[in-house]
Amino acid sequence: MHKVSFIGGGNMAAAIIGGLIASGTQPSDIEVVEINPDARARLAARFGVVTHTDVSLARLHGLVVLAVKPQTLPEVATALAPRLDGHLVLSIAAGVRVADLSRWLGGHTRIVRAMPNTPALVQAGIAGLYAPLEVAHGARSQAEAVLRAVGGVVWVEDEPQLDAVTAVSGSGPAYVFYLLESLEAAAEAQGLAPDVARQLALQTFFGAAKLALESGEEPALLRQRVTSKGGTTERGIAALEAAAVRQAIAQAVDAASRRSAELGDGLGRLA
């Protein structure tokens with residue numbers, strides 16, 4: 001792993017830093033620019049990385065990860081622009097498009113955009129990545145290695161597809177938590193104790209996802225194997241179908257994708 005500079009030291013940056021160090025990167029090869037003194041202190045104490053208060057004080061390694069809030073990125077990028085010379089910039093700022101970031105960076109084009117998700121906090125994330133055609137394979141591999149430190153990665157060919165990635169995996173943990181809440185509440189309504197209901201719901205989701213991942217089989221086939229004709233699961237699935245749950249999930253993803261595009265349009269209008 002190459003040396004890495006993080007601009008921003010929030011939760012996602014901390015997760016990635018932890019993953020990189022666990023994967024063998026030396027703390028001395030990581031620096032973080034973070035304006036919040038408490039966050040700087042936590043990062044230094046937890047990981048032993050070098051921290052700075054301002055971009056102007058950073059050594060700025062060849063791989064720069066932008067991990068600041070999207071609305072602050074124009075100001076951050078403007079300050080960073082004069083110091084870029086062949087650097088690879090990996091942006092994990094949600095919704096900020098490559099063209100807009102390039103403009104704020106004074107025309108810099110060596111940019112990879114990524115959409116990670118919150119399970120990265122426990123090294124179980126999935127990130128969607130996009131890079132323009134002019135970004136070489138080696139640079140793409142460097143960016144990919146950073147995100148692989150906290151989970152899996154997928155590449156998309158067209159940047160607008162990151163709106164769908166945002167809607168599926170970025171927002172997806174909230175959908176799963178919503179379903180967990182619902183299954184837990186349904187278990188309690190059947191007379192199970194709250195702690196039992198929670199344990200059953202959590203382990204069922206975890207186990208089913210683990211089975212799907214490790215078997216490599218289609219979810220539809222796995223569902224069919226659980227669904228015996230005339231049995232309890234068949235009756236439950238029929239109730240879900242009658243309630244149009246499948247369509248509701250599709251509507252949720254579509255709504256989130258359209259909102260992601262709207263937010264990208266708005267961020268693009270920032271100075």
# chains A, B, ... in the order shown; residues from 1 in each chain; ligands from 1

$ residues_around --residues "segment 242-255 of chain A" --least-positions-apart "2" --cutoff "9 Å" --atoms "only C-alpha atoms" --output "PyMOL selection string"
chain A and resi 164+166-168+171-172+175+237-240+257-260

$ write_last_selection --atoms "N, CA, C and O atoms" --output "PDB file, in the first residue's frame"
ATOM      1  N   ALA A 164     -27.391   4.845  -8.323  1.00  0.00           N
ATOM      2  CA  ALA A 164     -28.019   3.558  -8.003  1.00  0.00           C
ATOM      3  C   ALA A 164     -27.255   2.843  -6.894  1.00  0.00           C
ATOM      4  O   ALA A 164     -27.855   2.228  -6.004  1.00  0.00           O
ATOM      5  N   THR A 166     -25.597   4.291  -4.530  1.00  0.00           N
ATOM      6  CA  THR A 166     -25.991   5.011  -3.318  1.00  0.00           C
ATOM      7  C   THR A 166     -27.336   4.517  -2.806  1.00  0.00           C
ATOM      8  O   THR A 166     -27.521   4.296  -1.605  1.00  0.00           O
ATOM      9  N   ALA A 167     -28.272   4.324  -3.732  1.00  0.00           N
ATOM     10  CA  ALA A 167     -29.626   3.920  -3.356  1.00  0.00           C
ATOM     11  C   ALA A 167     -29.686   2.492  -2.838  1.00  0.00           C
ATOM     12  O   ALA A 167     -30.505   2.164  -1.986  1.00  0.00           O
ATOM     13  N   VAL A 168     -28.809   1.623  -3.352  1.00  0.00           N
ATOM     14  CA  VAL A 168     -28.842   0.214  -2.960  1.00  0.00           C
ATOM     15  C   VAL A 168     -27.968  -0.038  -1.732  1.00  0.00           C
ATOM     16  O   VAL A 168     -28.451  -0.469  -0.691  1.00  0.00           O
ATOM     17  N   SER A 171     -27.710   3.565   1.024  1.00  0.00           N
ATOM     18  CA  SER A 171     -28.911   3.655   1.858  1.00  0.00           C
ATOM     19  C   SER A 171     -29.360   2.288   2.359  1.00  0.00           C
ATOM     20  O   SER A 171     -30.122   2.195   3.324  1.00  0.00           O
ATOM     21  N   GLY A 172     -28.872   1.232   1.722  1.00  0.00           N
ATOM     22  CA  GLY A 172     -29.330  -0.114   2.017  1.00  0.00           C
ATOM     23  C   GLY A 172     -29.255  -0.544   3.465  1.00  0.00           C
ATOM     24  O   GLY A 172     -30.174  -1.215   3.954  1.00  0.00           O
ATOM     25  N   TYR A 175     -32.377   0.256   5.108  1.00  0.00           N
ATOM     26  CA  TYR A 175     -33.485  -0.642   4.760  1.00  0.00           C
ATOM     27  C   TYR A 175     -33.408  -1.909   5.601  1.00  0.00           C
ATOM     28  O   TYR A 175     -34.430  -2.412   6.089  1.00  0.00           O
ATOM     29  N   ILE A 237     -44.577 -15.912   2.836  1.00  0.00           N
ATOM     30  CA  ILE A 237     -44.193 -15.273   1.575  1.00  0.00           C
ATOM     31  C   ILE A 237     -45.421 -14.770   0.836  1.00  0.00           C
ATOM     32  O   ILE A 237     -45.409 -13.673   0.240  1.00  0.00           O
ATOM     33  N   ALA A 238     -46.497 -15.543   0.873  1.00  0.00           N
ATOM     34  CA  ALA A 238     -47.740 -15.119   0.219  1.00  0.00           C
ATOM     35  C   ALA A 238     -48.248 -13.810   0.821  1.00  0.00           C
ATOM     36  O   ALA A 238     -48.740 -12.924   0.103  1.00  0.00           O
ATOM     37  N   ALA A 239     -48.113 -13.670   2.137  1.00  0.00           N
ATOM     38  CA  ALA A 239     -48.539 -12.429   2.783  1.00  0.00           C
ATOM     39  C   ALA A 239     -47.666 -11.257   2.340  1.00  0.00           C
ATOM     40  O   ALA A 239     -48.158 -10.137   2.113  1.00  0.00           O
ATOM     41  N   LEU A 240     -46.354 -11.494   2.205  1.00  0.00           N
ATOM     42  CA  LEU A 240     -45.455 -10.440   1.726  1.00  0.00           C
ATOM     43  C   LEU A 240     -45.800 -10.034   0.292  1.00  0.00           C
ATOM     44  O   LEU A 240     -45.786  -8.847  -0.049  1.00  0.00           O
ATOM     45  N   SER A 257     -32.386   6.775  -5.395  1.00  0.00           N
ATOM     46  CA  SER A 257     -31.531   7.049  -6.552  1.00  0.00           C
ATOM     47  C   SER A 257     -31.825   8.429  -7.138  1.00  0.00           C
ATOM     48  O   SER A 257     -30.908   9.194  -7.463  1.00  0.00           O
ATOM     49  N   ARG A 258     -33.105   8.749  -7.262  1.00  0.00           N
ATOM     50  CA  ARG A 258     -33.469  10.066  -7.801  1.00  0.00           C
ATOM     51  C   ARG A 258     -33.020  11.185  -6.870  1.00  0.00           C
ATOM     52  O   ARG A 258     -32.567  12.238  -7.317  1.00  0.00           O
ATOM     53  N   ARG A 259     -33.100  10.943  -5.561  1.00  0.00           N
ATOM     54  CA  ARG A 259     -32.647  11.952  -4.608  1.00  0.00           C
ATOM     55  C   ARG A 259     -31.136  12.132  -4.675  1.00  0.00           C
ATOM     56  O   ARG A 259     -30.624  13.257  -4.552  1.00  0.00           O
ATOM     57  N   SER A 260     -30.413  11.038  -4.877  1.00  0.00           N
ATOM     58  CA  SER A 260     -28.963  11.131  -5.025  1.00  0.00           C
ATOM     59  C   SER A 260     -28.593  12.012  -6.213  1.00  0.00           C
ATOM     60  O   SER A 260     -27.687  12.850  -6.126  1.00  0.00           O
TER      61      SER A 260
END

$ residues_around --residues "segment 178-195 of chain A" --least-positions-apart "6" --cutoff "9 Å" --atoms "only C-alpha atoms" --output "list in words"
Ala201, Leu202 and Phe205 of chain A

$ write_last_selection --atoms "all heavy atoms" --output "mmCIF file, in the first residue's frame"
data_model
loop_
_atom_site.group_PDB
_atom_site.id
_atom_site.type_symbol
_atom_site.label_atom_id
_atom_site.label_comp_id
_atom_site.auth_asym_id
_atom_site.auth_seq_id
_atom_site.Cartn_x
_atom_site.Cartn_y
_atom_site.Cartn_z
ATOM 1 N N ALA A 201 -34.082 -12.048 15.396
ATOM 2 C CA ALA A 201 -34.068 -11.214 14.193
ATOM 3 C C ALA A 201 -32.642 -10.980 13.697
ATOM 4 O O ALA A 201 -32.350 -11.158 12.507
ATOM 5 C CB ALA A 201 -34.769 -9.882 14.473
ATOM 6 N N LEU A 202 -31.756 -10.596 14.600
ATOM 7 C CA LEU A 202 -30.376 -10.296 14.211
ATOM 8 C C LEU A 202 -29.670 -11.521 13.636
ATOM 9 O O LEU A 202 -29.048 -11.454 12.574
ATOM 10 C CB LEU A 202 -29.587 -9.772 15.414
ATOM 11 C CG LEU A 202 -29.860 -8.332 15.848
ATOM 12 C CD1 LEU A 202 -29.185 -8.039 17.183
ATOM 13 C CD2 LEU A 202 -29.384 -7.353 14.790
ATOM 14 N N PHE A 205 -30.957 -12.519 10.108
ATOM 15 C CA PHE A 205 -30.410 -11.699 9.029
ATOM 16 C C PHE A 205 -28.946 -12.028 8.770
ATOM 17 O O PHE A 205 -28.528 -12.200 7.626
ATOM 18 C CB PHE A 205 -30.562 -10.210 9.364
ATOM 19 C CG PHE A 205 -31.821 -9.598 8.836
ATOM 20 C CD1 PHE A 205 -33.029 -9.806 9.479
ATOM 21 C CD2 PHE A 205 -31.812 -8.835 7.685
ATOM 22 C CE1 PHE A 205 -34.204 -9.258 8.989
ATOM 23 C CE2 PHE A 205 -32.975 -8.272 7.181
ATOM 24 C CZ PHE A 205 -34.183 -8.483 7.840
#

$ select_by_dssp --residues "segment 10-159 of chain A" --states "alpha helix (DSSP H)" --output "MDAnalysis selection string"
chainID A and resid 11:22 37:47 73:80 98:104 137:148

$ atom_distance --atom1 "atom CA of Ile30 of chain A" --atom2 "atom CA of Gly9 of chain A"
11.6 Å

$ residues_around --residues "Ala58 of chain A" --least-positions-apart "5" --cutoff "12 Å" --atoms "only C-alpha atoms" --output "list in words"
Val4, Ser5, Phe6, Ile7, Ile30, Glu31, Val32, Val33, Glu34, Val50, Thr51, His52, Thr53, Val64, Ala79, Leu80 and Arg83 of chain A

$ write_last_selection --atoms "all heavy atoms" --output "tab-separated table (two decimals), in the first residue's frame"
chain	number	residue	atom	x	y	z
A	4	VAL	N	-0.61	7.34	2.35
A	4	VAL	CA	-1.93	7.93	2.13
A	4	VAL	C	-2.11	9.17	3.00
A	4	VAL	O	-1.77	9.15	4.20
A	4	VAL	CB	-3.05	6.91	2.44
A	4	VAL	CG1	-4.42	7.51	2.05
A	4	VAL	CG2	-2.83	5.60	1.71
A	5	SER	N	-2.67	10.21	2.40
A	5	SER	CA	-3.07	11.40	3.14
A	5	SER	C	-4.59	11.49	3.16
A	5	SER	O	-5.22	11.41	2.09
A	5	SER	CB	-2.50	12.67	2.49
A	5	SER	OG	-1.09	12.67	2.54
A	6	PHE	N	-5.16	11.63	4.33
A	6	PHE	CA	-6.60	11.80	4.47
A	6	PHE	C	-6.90	13.26	4.75
A	6	PHE	O	-6.32	13.85	5.67
A	6	PHE	CB	-7.15	10.94	5.61
A	6	PHE	CG	-7.25	9.48	5.29
A	6	PHE	CD1	-6.14	8.66	5.40
A	6	PHE	CD2	-8.46	8.92	4.89
A	6	PHE	CE1	-6.22	7.30	5.11
A	6	PHE	CE2	-8.55	7.57	4.60
A	6	PHE	CZ	-7.43	6.75	4.71
A	7	ILE	N	-7.81	13.81	3.98
A	7	ILE	CA	-8.31	15.16	4.26
A	7	ILE	C	-9.68	14.98	4.87
A	7	ILE	O	-10.66	14.68	4.19
A	7	ILE	CB	-8.39	16.04	2.99
A	7	ILE	CG1	-7.10	15.93	2.18
A	7	ILE	CG2	-8.69	17.48	3.38
A	7	ILE	CD1	-5.84	16.36	2.89
A	30	ILE	N	0.64	7.13	7.08
A	30	ILE	CA	-0.69	7.75	6.99
A	30	ILE	C	-0.67	9.08	7.72
A	30	ILE	O	-0.18	9.18	8.85
A	30	ILE	CB	-1.77	6.84	7.62
A	30	ILE	CG1	-1.85	5.50	6.88
A	30	ILE	CG2	-3.13	7.52	7.63
A	30	ILE	CD1	-2.77	4.48	7.53
A	31	GLU	N	-1.22	10.10	7.08
A	31	GLU	CA	-1.40	11.39	7.74
A	31	GLU	C	-2.84	11.84	7.55
A	31	GLU	O	-3.50	11.45	6.57
A	31	GLU	CB	-0.43	12.45	7.19
A	31	GLU	CG	-0.68	12.81	5.74
A	31	GLU	CD	0.19	13.98	5.27
A	31	GLU	OE1	0.91	14.57	6.08
A	31	GLU	OE2	0.12	14.29	4.05
A	32	VAL	N	-3.32	12.62	8.49
A	32	VAL	CA	-4.71	13.08	8.47
A	32	VAL	C	-4.75	14.57	8.73
A	32	VAL	O	-4.15	15.06	9.69
A	32	VAL	CB	-5.56	12.36	9.53
A	32	VAL	CG1	-7.04	12.76	9.38
A	32	VAL	CG2	-5.40	10.85	9.45
A	33	VAL	N	-5.48	15.27	7.87
A	33	VAL	CA	-5.75	16.70	8.09
A	33	VAL	C	-7.17	16.79	8.64
A	33	VAL	O	-8.13	16.37	8.00
A	33	VAL	CB	-5.63	17.51	6.79
A	33	VAL	CG1	-6.01	18.96	7.05
A	33	VAL	CG2	-4.23	17.40	6.22
A	34	GLU	N	-7.29	17.30	9.85
A	34	GLU	CA	-8.60	17.37	10.52
A	34	GLU	C	-8.64	18.62	11.39
A	34	GLU	O	-7.76	18.83	12.23
A	34	GLU	CB	-8.83	16.11	11.36
A	34	GLU	CG	-10.02	16.15	12.29
A	34	GLU	CD	-11.33	16.44	11.58
A	34	GLU	OE1	-11.66	15.73	10.61
A	34	GLU	OE2	-12.02	17.39	11.99
A	50	VAL	N	0.04	10.51	11.96
A	50	VAL	CA	0.38	11.93	12.04
A	50	VAL	C	-0.86	12.75	11.70
A	50	VAL	O	-1.59	12.43	10.77
A	50	VAL	CB	1.51	12.27	11.05
A	50	VAL	CG1	1.81	13.76	11.06
A	50	VAL	CG2	2.76	11.47	11.38
A	51	THR	N	-1.13	13.78	12.46
A	51	THR	CA	-2.29	14.63	12.20
A	51	THR	C	-1.86	16.08	12.02
A	51	THR	O	-0.84	16.51	12.57
A	51	THR	CB	-3.32	14.55	13.34
A	51	THR	OG1	-2.74	15.04	14.54
A	51	THR	CG2	-3.80	13.11	13.54
A	52	HIS	N	-2.65	16.81	11.24
A	52	HIS	CA	-2.40	18.23	10.98
A	52	HIS	C	-3.70	19.00	11.10
A	52	HIS	O	-4.79	18.45	10.91
A	52	HIS	CB	-1.83	18.44	9.57
A	52	HIS	CG	-0.64	17.60	9.25
A	52	HIS	ND1	0.61	17.85	9.77
A	52	HIS	CD2	-0.51	16.50	8.44
A	52	HIS	CE1	1.47	16.94	9.30
A	52	HIS	NE2	0.82	16.12	8.49
A	53	THR	N	-3.57	20.29	11.35
A	53	THR	CA	-4.75	21.14	11.45
A	53	THR	C	-5.17	21.73	10.12
A	53	THR	O	-6.30	22.18	9.97
A	53	THR	CB	-4.48	22.30	12.43
A	53	THR	OG1	-3.34	23.04	11.96
A	53	THR	CG2	-4.21	21.78	13.83
A	64	VAL	N	-4.31	10.80	-2.09
A	64	VAL	CA	-5.04	11.71	-1.21
A	64	VAL	C	-6.50	11.29	-1.16
A	64	VAL	O	-7.16	11.21	-2.20
A	64	VAL	CB	-4.94	13.17	-1.70
A	64	VAL	CG1	-5.73	14.11	-0.80
A	64	VAL	CG2	-3.47	13.61	-1.79
A	79	ALA	N	-8.20	24.92	-1.60
A	79	ALA	CA	-6.97	25.02	-0.83
A	79	ALA	C	-5.97	23.94	-1.23
A	79	ALA	O	-4.75	24.14	-1.19
A	79	ALA	CB	-7.27	24.91	0.67
A	80	LEU	N	-6.48	22.80	-1.65
A	80	LEU	CA	-5.63	21.67	-2.01
A	80	LEU	C	-5.04	21.81	-3.41
A	80	LEU	O	-3.91	21.35	-3.67
A	80	LEU	CB	-6.47	20.38	-1.93
A	80	LEU	CG	-5.80	19.04	-2.18
A	80	LEU	CD1	-4.70	18.78	-1.15
A	80	LEU	CD2	-6.84	17.92	-2.16
A	83	ARG	N	-1.33	22.39	-4.54
A	83	ARG	CA	-0.34	21.43	-4.07
A	83	ARG	C	-0.38	20.11	-4.84
A	83	ARG	O	0.45	19.23	-4.59
A	83	ARG	CB	-0.54	21.16	-2.58
A	83	ARG	CG	-0.42	22.45	-1.74
A	83	ARG	CD	-0.09	22.12	-0.32
A	83	ARG	NE	1.10	21.29	-0.22
A	83	ARG	CZ	1.41	20.56	0.85
A	83	ARG	NH1	0.61	20.55	1.89
A	83	ARG	NH2	2.50	19.83	0.87

$ select_by_dssp --residues "segment 21-244 of chain A" --states "strand (DSSP E)" --output "PyMOL selection string"
chain A and resi 30-33+50-52+63-66+88-91+111-115+125-130+151-155

$ atom_distance --atom1 "atom CA of Val49 of chain A" --atom2 "atom CA of Pro27 of chain A"
4.9 Å

$ closest_residue --among "A:Ala114, A:Leu121, A:Ala261, A:Ala41" --to "Leu147 of chain A" --atoms "only C-alpha atoms"
A:Ala114

$ closest_residue --among "A:Glu144, A:Glu157, A:Asp100, A:Glu75" --to "Leu267 of chain A" --atoms "only C-alpha atoms"
A:Asp100

$ closest_residue --among "A:Leu84, A:Val226, A:Met12, A:Val135" --to "Thr118 of chain A" --atoms "only C-alpha atoms"
A:Met12

$ atom_distance --atom1 "atom CA of Arg97 of chain A" --atom2 "atom CA of Ala81 of chain A"
16.5 Å

$ closest_residue --among "A:His2, A:Pro173, A:Arg40, A:Ile16" --to "Pro119 of chain A" --atoms "only C-alpha atoms"
A:Pro173

$ decode --residues "segment 101-131 of chain A" --atoms "N, CA, C and O atoms" --output "short mmCIF file (atom, residue, chain, number, x, y, z; two decimals), in the first residue's frame"
data_model
loop_
_atom_site.label_atom_id
_atom_site.label_comp_id
_atom_site.auth_asym_id
_atom_site.auth_seq_id
_atom_site.Cartn_x
_atom_site.Cartn_y
_atom_site.Cartn_z
N LEU A 101 -15.62 18.18 -8.89
CA LEU A 101 -14.41 18.11 -8.07
C LEU A 101 -13.19 18.54 -8.87
O LEU A 101 -12.34 19.29 -8.38
N SER A 102 -13.11 18.11 -10.13
CA SER A 102 -12.00 18.51 -10.99
C SER A 102 -11.96 20.03 -11.16
O SER A 102 -10.88 20.65 -11.11
N ARG A 103 -13.12 20.62 -11.31
CA ARG A 103 -13.19 22.09 -11.45
C ARG A 103 -12.68 22.77 -10.19
O ARG A 103 -11.90 23.72 -10.26
N TRP A 104 -13.11 22.29 -9.02
CA TRP A 104 -12.66 22.89 -7.76
C TRP A 104 -11.17 22.66 -7.52
O TRP A 104 -10.52 23.45 -6.84
N LEU A 105 -10.65 21.57 -8.10
CA LEU A 105 -9.22 21.26 -7.95
C LEU A 105 -8.37 21.90 -9.04
O LEU A 105 -7.23 21.50 -9.26
N GLY A 106 -8.92 22.87 -9.73
CA GLY A 106 -8.16 23.60 -10.74
C GLY A 106 -7.86 22.81 -11.99
O GLY A 106 -6.84 23.04 -12.65
N GLY A 107 -8.73 21.86 -12.33
CA GLY A 107 -8.55 21.08 -13.56
C GLY A 107 -7.85 19.74 -13.35
O GLY A 107 -7.59 19.03 -14.32
N HIS A 108 -7.55 19.39 -12.11
CA HIS A 108 -6.91 18.09 -11.83
C HIS A 108 -7.84 16.97 -12.29
O HIS A 108 -9.05 17.00 -12.03
N THR A 109 -7.28 15.96 -12.96
CA THR A 109 -8.12 14.91 -13.55
C THR A 109 -7.85 13.51 -13.00
O THR A 109 -8.58 12.57 -13.32
N ARG A 110 -6.82 13.36 -12.20
CA ARG A 110 -6.50 12.03 -11.67
C ARG A 110 -7.37 11.78 -10.44
O ARG A 110 -6.95 11.89 -9.30
N ILE A 111 -8.62 11.46 -10.69
CA ILE A 111 -9.63 11.38 -9.64
C ILE A 111 -10.38 10.05 -9.74
O ILE A 111 -10.77 9.62 -10.82
N VAL A 112 -10.59 9.42 -8.59
CA VAL A 112 -11.49 8.27 -8.47
C VAL A 112 -12.56 8.64 -7.46
O VAL A 112 -12.25 9.20 -6.40
N ARG A 113 -13.78 8.35 -7.79
CA ARG A 113 -14.89 8.64 -6.89
C ARG A 113 -15.41 7.33 -6.30
O ARG A 113 -15.57 6.34 -7.02
N ALA A 114 -15.70 7.33 -5.00
CA ALA A 114 -16.17 6.11 -4.34
C ALA A 114 -17.38 6.39 -3.48
O ALA A 114 -17.52 7.49 -2.91
N MET A 115 -18.27 5.40 -3.39
CA MET A 115 -19.41 5.46 -2.48
C MET A 115 -19.34 4.27 -1.54
O MET A 115 -19.80 3.18 -1.87
N PRO A 116 -18.70 4.43 -0.36
CA PRO A 116 -18.69 3.35 0.62
C PRO A 116 -19.98 3.35 1.43
O PRO A 116 -20.83 4.22 1.25
N ASN A 117 -20.13 2.39 2.31
CA ASN A 117 -21.29 2.39 3.20
C ASN A 117 -20.89 2.12 4.65
O ASN A 117 -19.75 1.75 4.93
N THR A 118 -21.82 2.33 5.57
CA THR A 118 -21.47 2.34 6.99
C THR A 118 -20.98 1.00 7.54
O THR A 118 -20.22 1.03 8.53
N PRO A 119 -21.32 -0.16 6.99
CA PRO A 119 -20.70 -1.39 7.51
C PRO A 119 -19.18 -1.41 7.36
O PRO A 119 -18.52 -2.28 7.95
N ALA A 120 -18.62 -0.45 6.64
CA ALA A 120 -17.16 -0.31 6.63
C ALA A 120 -16.63 -0.08 8.03
O ALA A 120 -15.46 -0.38 8.32
N LEU A 121 -17.46 0.43 8.93
CA LEU A 121 -17.04 0.68 10.30
C LEU A 121 -16.67 -0.61 11.02
O LEU A 121 -15.95 -0.59 12.02
N VAL A 122 -17.15 -1.75 10.50
CA VAL A 122 -16.80 -3.05 11.08
C VAL A 122 -16.14 -3.94 10.03
O VAL A 122 -16.22 -5.16 10.07
N GLN A 123 -15.47 -3.29 9.06
CA GLN A 123 -14.75 -3.99 7.99
C GLN A 123 -15.65 -4.94 7.21
O GLN A 123 -15.23 -6.00 6.75
N ALA A 124 -16.92 -4.57 7.04
CA ALA A 124 -17.87 -5.40 6.29
C ALA A 124 -18.62 -4.56 5.27
O ALA A 124 -19.78 -4.83 4.96
N GLY A 125 -17.95 -3.53 4.75
CA GLY A 125 -18.61 -2.63 3.82
C GLY A 125 -18.57 -3.12 2.39
O GLY A 125 -17.99 -4.15 2.06
N ILE A 126 -19.22 -2.35 1.53
CA ILE A 126 -19.14 -2.54 0.09
C ILE A 126 -19.12 -1.14 -0.51
O ILE A 126 -19.89 -0.28 -0.10
N ALA A 127 -18.22 -0.91 -1.44
CA ALA A 127 -18.08 0.43 -2.04
C ALA A 127 -18.21 0.33 -3.54
O ALA A 127 -17.68 -0.59 -4.17
N GLY A 128 -18.91 1.29 -4.11
CA GLY A 128 -18.95 1.44 -5.56
C GLY A 128 -17.92 2.47 -5.97
O GLY A 128 -17.78 3.51 -5.32
N LEU A 129 -17.17 2.19 -7.04
CA LEU A 129 -16.13 3.10 -7.51
C LEU A 129 -16.33 3.44 -8.97
O LEU A 129 -16.81 2.62 -9.76
N TYR A 130 -15.93 4.67 -9.30
CA TYR A 130 -15.97 5.14 -10.69
C TYR A 130 -14.73 5.99 -10.94
O TYR A 130 -14.30 6.76 -10.08
N ALA A 131 -14.16 5.84 -12.13
CA ALA A 131 -13.05 6.70 -12.55
C ALA A 131 -13.20 7.00 -14.03
O ALA A 131 -13.63 6.13 -14.81
#
